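Novice: Here you go, this is protein_3.cif (mmCIF, C-alpha atoms and all ligand atoms).
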```cif
data_entry
#
loop_
_atom_site.label_atom_id
_atom_site.label_comp_id
_atom_site.auth_asym_id
_atom_site.auth_seq_id
_atom_site.Cartn_x
_atom_site.Cartn_y
_atom_site.Cartn_z
CA MET A 1 -6.11 -12.21 -6.40
CA ILE A 2 -2.97 -14.35 -6.74
CA ILE A 3 -3.43 -17.88 -8.05
CA ALA A 4 -0.46 -20.25 -7.70
CA ILE A 5 -0.42 -23.34 -9.90
CA ASP A 6 2.22 -26.03 -9.50
CA GLY A 7 2.71 -29.50 -10.85
CA PRO A 8 5.02 -31.81 -12.80
CA ALA A 9 5.86 -31.63 -16.51
CA ALA A 10 2.89 -32.20 -18.86
CA SER A 11 0.32 -32.21 -16.03
CA GLY A 12 -1.77 -29.64 -17.91
CA LYS A 13 -0.97 -26.79 -15.51
CA GLY A 14 0.21 -24.43 -18.26
CA THR A 15 -2.95 -24.77 -20.34
CA LEU A 16 -5.04 -24.45 -17.22
CA ALA A 17 -3.17 -21.32 -16.10
CA ARG A 18 -3.66 -19.68 -19.51
CA LYS A 19 -7.39 -20.46 -19.53
CA LEU A 20 -7.86 -19.16 -15.99
CA ALA A 21 -5.89 -16.00 -16.81
CA GLU A 22 -8.21 -15.37 -19.75
CA HIS A 23 -11.31 -16.11 -17.67
CA PHE A 24 -10.35 -13.79 -14.79
CA ASP A 25 -8.51 -11.30 -17.04
CA LEU A 26 -5.37 -11.57 -14.92
CA PRO A 27 -1.72 -11.31 -16.02
CA HIS A 28 -0.12 -14.76 -16.32
CA LEU A 29 3.48 -15.84 -15.89
CA ASP A 30 4.75 -19.27 -16.96
CA THR A 31 7.79 -19.50 -14.65
CA GLY A 32 9.10 -22.57 -16.48
CA LEU A 33 10.00 -20.16 -19.30
CA SER A 34 12.33 -18.28 -16.91
CA TYR A 35 14.40 -21.43 -16.37
CA ARG A 36 14.13 -22.35 -20.04
CA GLY A 37 15.34 -18.85 -20.99
CA VAL A 38 18.49 -19.23 -18.89
CA ALA A 39 19.13 -22.73 -20.27
CA TYR A 40 18.62 -21.53 -23.86
CA ALA A 41 21.10 -18.66 -23.44
CA LEU A 42 23.74 -21.09 -22.13
CA LEU A 43 23.07 -23.63 -24.89
CA GLU A 44 23.33 -20.89 -27.55
CA ASP A 45 26.73 -19.85 -26.15
CA GLY A 46 27.90 -23.47 -26.03
CA ALA A 47 28.40 -22.92 -22.27
CA PRO A 48 28.29 -25.73 -19.69
CA LEU A 49 25.02 -26.12 -17.77
CA ASP A 50 26.66 -26.54 -14.36
CA ASP A 51 28.70 -23.32 -14.05
CA PRO A 52 26.94 -21.16 -11.41
CA ALA A 53 28.71 -17.92 -12.45
CA LEU A 54 27.67 -18.23 -16.10
CA ALA A 55 24.14 -19.32 -15.16
CA LYS A 56 23.80 -16.39 -12.73
CA ALA A 57 24.83 -13.92 -15.43
CA ALA A 58 22.27 -15.43 -17.83
CA ALA A 59 19.56 -15.28 -15.14
CA ASN A 60 20.32 -11.62 -14.39
CA ALA A 61 19.95 -10.79 -18.08
CA ILE A 62 16.49 -12.42 -18.42
CA ASP A 63 13.41 -10.26 -18.96
CA LEU A 64 10.59 -12.57 -17.82
CA VAL A 65 7.85 -10.98 -19.88
CA ALA A 66 9.84 -10.91 -23.13
CA LEU A 67 10.49 -14.67 -23.37
CA ASP A 68 9.46 -16.41 -26.60
CA ARG A 69 7.43 -19.57 -25.82
CA ASP A 70 7.92 -21.06 -29.31
CA LEU A 71 11.67 -20.61 -29.22
CA LEU A 72 11.92 -22.15 -25.74
CA SER A 73 9.43 -25.01 -26.13
CA ALA A 74 11.95 -27.58 -27.47
CA HIS A 75 12.30 -30.75 -25.43
CA GLU A 76 16.10 -30.34 -25.03
CA VAL A 77 15.59 -26.84 -23.61
CA GLY A 78 13.22 -28.26 -20.96
CA GLU A 79 15.78 -30.93 -20.03
CA ALA A 80 18.54 -28.31 -19.79
CA ALA A 81 16.22 -26.05 -17.76
CA SER A 82 15.72 -28.74 -15.13
CA LYS A 83 19.51 -29.05 -14.83
CA ILE A 84 20.16 -25.35 -14.26
CA ALA A 85 17.11 -25.19 -11.94
CA VAL A 86 19.03 -27.07 -9.23
CA MET A 87 21.36 -24.05 -8.73
CA SER A 88 20.26 -21.92 -5.78
CA GLU A 89 22.03 -18.82 -7.18
CA VAL A 90 19.88 -19.03 -10.32
CA ARG A 91 16.68 -19.69 -8.38
CA ARG A 92 17.24 -16.68 -6.11
CA ILE A 93 17.53 -14.31 -9.07
CA LEU A 94 14.54 -15.72 -10.97
CA VAL A 95 12.31 -15.96 -7.87
CA GLU A 96 12.91 -12.26 -7.15
CA LYS A 97 11.81 -11.35 -10.69
CA GLN A 98 8.78 -13.67 -10.43
CA ARG A 99 7.72 -12.07 -7.14
CA ALA A 100 7.94 -8.63 -8.76
CA PHE A 101 5.52 -9.91 -11.43
CA ALA A 102 3.19 -11.32 -8.75
CA GLY A 103 3.18 -7.87 -7.10
CA ASN A 104 1.06 -6.48 -9.94
CA LYS A 105 -1.79 -4.56 -8.33
CA ARG A 106 -4.43 -6.39 -10.41
CA GLY A 107 -3.18 -9.75 -9.11
CA ALA A 108 -1.63 -12.53 -11.16
CA ILE A 109 -1.58 -16.20 -12.05
CA LEU A 110 1.79 -17.93 -11.90
CA ASP A 111 2.51 -21.52 -12.80
CA GLY A 112 5.60 -23.59 -12.11
CA ARG A 113 7.04 -25.97 -9.52
CA ASP A 114 7.57 -23.81 -6.42
CA ILE A 115 4.94 -21.05 -6.69
CA GLY A 116 2.79 -22.12 -3.72
CA THR A 117 5.77 -23.11 -1.58
CA VAL A 118 8.41 -20.42 -2.32
CA VAL A 119 7.48 -17.71 -4.83
CA CYS A 120 3.99 -16.84 -3.54
CA PRO A 121 3.43 -18.63 -0.22
CA GLU A 122 0.66 -16.09 0.52
CA ALA A 123 -1.28 -16.80 -2.70
CA ASP A 124 -5.08 -16.65 -2.34
CA VAL A 125 -5.57 -19.97 -4.12
CA LYS A 126 -3.03 -22.74 -4.63
CA LEU A 127 -3.62 -25.56 -7.08
CA TYR A 128 -1.40 -28.60 -7.42
CA VAL A 129 -2.11 -30.18 -10.77
CA THR A 130 -1.02 -33.79 -11.29
CA ALA A 131 -1.66 -36.68 -13.66
CA SER A 132 -0.15 -40.15 -13.83
CA ALA A 133 3.19 -40.36 -15.65
CA GLU A 134 1.48 -42.55 -18.27
CA ALA A 135 -1.28 -40.00 -18.93
CA ARG A 136 1.30 -37.20 -19.19
CA ALA A 137 3.46 -39.25 -21.57
CA ALA A 138 0.40 -40.00 -23.73
CA ARG A 139 -0.34 -36.25 -24.02
CA ARG A 140 3.25 -35.39 -24.89
CA PHE A 141 3.30 -38.24 -27.42
CA LEU A 142 0.26 -36.78 -29.18
CA GLU A 143 1.79 -33.27 -29.20
CA ALA A 144 5.12 -34.64 -30.45
CA GLY A 145 3.31 -36.47 -33.28
CA GLU A 146 1.67 -33.22 -34.32
CA LYS A 147 5.08 -31.53 -34.47
CA GLY A 148 6.54 -34.46 -36.42
CA SER A 149 9.00 -35.51 -33.70
CA GLY A 150 10.07 -39.17 -33.89
CA ALA A 151 10.20 -39.94 -30.15
CA THR A 152 8.40 -43.13 -29.06
CA ARG A 153 5.88 -43.13 -26.23
CA ALA A 154 8.30 -45.21 -24.11
CA GLN A 155 11.11 -42.64 -24.63
CA ILE A 156 8.78 -39.82 -23.66
CA LEU A 157 7.64 -41.70 -20.53
CA GLU A 158 11.28 -42.28 -19.58
CA ASP A 159 12.04 -38.56 -19.99
CA ILE A 160 9.03 -37.58 -17.89
CA VAL A 161 9.99 -39.93 -15.06
CA ARG A 162 13.60 -38.63 -15.13
CA ARG A 163 12.43 -35.00 -15.08
CA ASP A 164 10.06 -35.77 -12.16
CA GLU A 165 12.96 -37.30 -10.23
CA ARG A 166 15.16 -34.27 -10.84
CA ASP A 167 12.40 -31.78 -9.94
CA THR A 168 11.21 -33.58 -6.80
CA GLY A 169 14.67 -34.66 -5.66
CA ARG A 170 16.58 -31.38 -5.72
CA ALA A 171 17.60 -29.79 -2.40
CA ASP A 172 16.43 -26.22 -3.18
CA SER A 173 12.68 -25.70 -3.73
CA PRO A 174 11.79 -29.26 -4.81
CA LEU A 175 8.49 -29.86 -6.56
CA ARG A 176 5.88 -30.67 -3.92
CA PRO A 177 2.37 -29.49 -3.07
CA ALA A 178 2.10 -26.66 -0.52
CA GLU A 179 0.29 -27.78 2.64
CA ASP A 180 -2.69 -25.61 1.73
CA ALA A 181 -2.76 -26.54 -1.96
CA HIS A 182 -5.86 -28.04 -3.59
CA LEU A 183 -4.96 -31.18 -5.49
CA LEU A 184 -6.31 -31.64 -9.01
CA ASP A 185 -5.59 -34.96 -10.71
CA THR A 186 -6.23 -34.49 -14.44
CA SER A 187 -5.34 -38.07 -15.52
CA GLU A 188 -8.94 -38.77 -16.55
CA MET A 189 -9.96 -35.21 -17.42
CA SER A 190 -10.20 -33.24 -20.64
CA ILE A 191 -8.84 -29.68 -20.66
CA GLU A 192 -12.40 -28.40 -20.32
CA GLN A 193 -13.14 -30.66 -17.33
CA ALA A 194 -9.89 -29.61 -15.60
CA PHE A 195 -10.80 -25.97 -16.19
CA GLU A 196 -14.30 -26.44 -14.70
CA ALA A 197 -12.84 -28.29 -11.69
CA ALA A 198 -10.26 -25.52 -11.09
CA LEU A 199 -12.93 -22.86 -11.42
CA GLY A 200 -15.05 -24.70 -8.82
CA ILE A 201 -12.13 -24.76 -6.37
CA ILE A 202 -11.36 -21.05 -6.89
CA GLU A 203 -15.01 -20.08 -6.43
CA ASP A 204 -15.26 -22.18 -3.23
CA VAL A 205 -12.11 -20.54 -1.83
CA SER A 206 -13.35 -17.03 -2.76
CA ARG A 207 -16.73 -17.67 -1.12
CA ALA A 208 -15.10 -18.96 2.07
CA SER A 209 -12.77 -15.93 2.45
O1 LIG A 301 7.38 -26.16 -16.79
P1 LIG A 301 8.55 -26.36 -17.71
O2 LIG A 301 8.65 -27.73 -18.29
O3 LIG A 301 8.65 -25.30 -18.75
O4 LIG A 301 9.84 -26.17 -16.76
C1 LIG A 301 11.13 -26.52 -17.17
C2 LIG A 301 11.98 -26.85 -15.94
O5 LIG A 301 12.21 -25.64 -15.19
C3 LIG A 301 11.32 -27.78 -14.94
O6 LIG A 301 11.55 -29.17 -15.23
C4 LIG A 301 11.95 -27.39 -13.62
O7 LIG A 301 13.16 -28.07 -13.39
C5 LIG A 301 12.25 -25.91 -13.81
N1 LIG A 301 11.29 -25.06 -13.09
C6 LIG A 301 11.52 -24.84 -11.75
N2 LIG A 301 10.73 -23.99 -11.05
C7 LIG A 301 9.66 -23.40 -11.64
C8 LIG A 301 9.38 -23.64 -13.01
C9 LIG A 301 10.21 -24.52 -13.71
O8 LIG A 301 12.47 -25.38 -11.17
N3 LIG A 301 8.90 -22.56 -10.92
#
```
Spit out the file's structure as C-alpha cells when you get a sec.
Ligand code: C5P

Specialist:
Amino acid sequence: MIIAIDGPAASGKGTLARKLAEHFDLPHLDTGLSYRGVAYALLEDGAPLDDPALAKAAANAIDLVALDRDLLSAHEVGEAASKIAVMSEVRRILVEKQRAFAGNKRGAILDGRDIGTVVCPEADVKLYVTASAEARAARRFLEAGEKGSGATRAQILEDIVRRDERDTGRADSPLRPAEDAHLLDTSEMSIEQAFEAALGIIEDVSRAS
C-alpha cells in the first residue's frame, strides 16, 4: 500500500504521516527533508541558492534515509528549501530517489507537496491535508515558543503565506491536490482527531478496492 500525503507548511501532514506509518508499520519518507538537505548543504558552503549546477550536485549527493530531522528543522532551512525547490533539475533528481523509496515491496507513506501529483500518481490513497493559514501560524507559534524562538505570531503568519505563495505558484510541480485526493481540513482538529479522520478515509478506500 502506498499512501501519498500532501499539503502546505504546518498543515499537520508530517505528524499525521508519522502516526499512520506507525499504525500500519510502513516505511515513511518526509520528502520535505530532501529539499531541506540540499538547501542545508548549500547554506553550509556559503553557496548561492539559485545556482542550478551547485544545487544539482548537492541533490545528487543526498541520501534520503540518512537525513537528520533535528539538524534540518530550522526555519531558515525551510525557507531556503522552498527557494531551491523551484529548480526542475533539483526536483528531477530528488523525485527519482523518492520513487525508489516508494518502490519498497512492503509499501510506503510519503509526505510532501507533489506526492499525489508527481512522485506517486498511482498511490492507493491520496490525502491532501490543509488548515487555514491562521491555524497553521498558531501551531507554529506554539512550537516556536517551546523552542524559545522570539518570532511573533504575525511574523510567522507572514512567513507561512509567503511560503504558500512560493509553493503553489512555481511552474514545476506546484502544490495542489491531485484530482483523486481526499481533502482533510485540520483547522479545527486535534492531532488525534486528524489521525482518526485519515484512518477512516484509508479504511473506506481499502474496502472499496
Ligand atoms: O515540508 P517542509 O516544510 O519540510 O518542506 C520544505 C520545502 O520543500 C517546501 O516549502 C517546498 O518548497 C519544498 N518541498 C517540495 N516538494 C516536496 C516537499 C517539500 O517542493 N515534495

Novice: Using all atoms listed in the file, which protein or nucleic acid residues are at most 8 Å from ligand LIG 301 (chain A), as a ChimeraX atom specification?

Specialist: /A:6,8-10,14,30-36,73,77-86,91,111-115,119,163-164,166-167,173-175

Novice: Choose the residue, out of A:Gly169, A:Gly37, A:Gly150, A:Pro27, that has the smallest atom-to-atom separation from Arg69 in chain A; count all atoms listed in the file.

Specialist: A:Gly37

Novice: Set the distance at 10 Å and use all atoms listed in the file: which residues neighbour Asn60 in chain A once local chain neighbours fewer than 2 positions away are removed? I'd like the list as an MDAnalysis selection string.

Specialist: chainID A and resid 38 55:58 62:63 90 93:94 97

Novice: Compile a residue-level contact table for range 176-195 of chain A against range 135-138 of chain A at a cut-off of 10 Å, reporting for every qualifying residue the shortest atom pair and its distance in Å to one decimal, with only C-alpha atoms counted, rows ordered by chain and ascending number, as CSV.

Specialist:
```
residue,atom,partner,partner_atom,distance
A:Thr186,CA,A:Ala135,CA,8.7
A:Ser187,CA,A:Ala135,CA,5.6
A:Glu188,CA,A:Ala135,CA,8.1
```

Novice: Any chance you could export the current selection's C-alpha atoms as a compact mmCIF listing (two decimals), keeping the file's coordinate frame?

Specialist:
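What landed in selection.txt:
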```
# COMPACT_ATOMS: atom_id res chain seq x y z
CA THR A 186 -6.23 -34.49 -14.44
CA SER A 187 -5.34 -38.07 -15.52
CA GLU A 188 -8.94 -38.77 -16.55
```

Novice: Write out as an mmCIF file with C-alpha atoms, in the frame of the given file each polymer residue whose atoms come within 10 Å of Met87 in chain A, counting all atoms listed in the file; drop sequence neighbours fewer than 5 positions from it.

Specialist:
```cif
data_model
loop_
_atom_site.group_PDB
_atom_site.id
_atom_site.type_symbol
_atom_site.label_atom_id
_atom_site.label_comp_id
_atom_site.auth_asym_id
_atom_site.auth_seq_id
_atom_site.Cartn_x
_atom_site.Cartn_y
_atom_site.Cartn_z
ATOM 1 C CA LEU A 49 25.020 -26.120 -17.770
ATOM 2 C CA ASP A 50 26.660 -26.540 -14.360
ATOM 3 C CA ASP A 51 28.700 -23.320 -14.050
ATOM 4 C CA PRO A 52 26.940 -21.160 -11.410
ATOM 5 C CA ALA A 55 24.140 -19.320 -15.160
ATOM 6 C CA LYS A 56 23.800 -16.390 -12.730
ATOM 7 C CA SER A 82 15.720 -28.740 -15.130
ATOM 8 C CA ARG A 92 17.240 -16.680 -6.110
ATOM 9 C CA ARG A 170 16.580 -31.380 -5.720
ATOM 10 C CA ALA A 171 17.600 -29.790 -2.400
ATOM 11 C CA ASP A 172 16.430 -26.220 -3.180
#
```

Novice: Find the distance between CA of Leu16 in chain A and CA of Phe195 in chain A and write it in Å to one decimal.

Specialist: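 Calculated distance between CA of Leu16 in chain A and CA of Phe195 in chain A is 6.0 Å.
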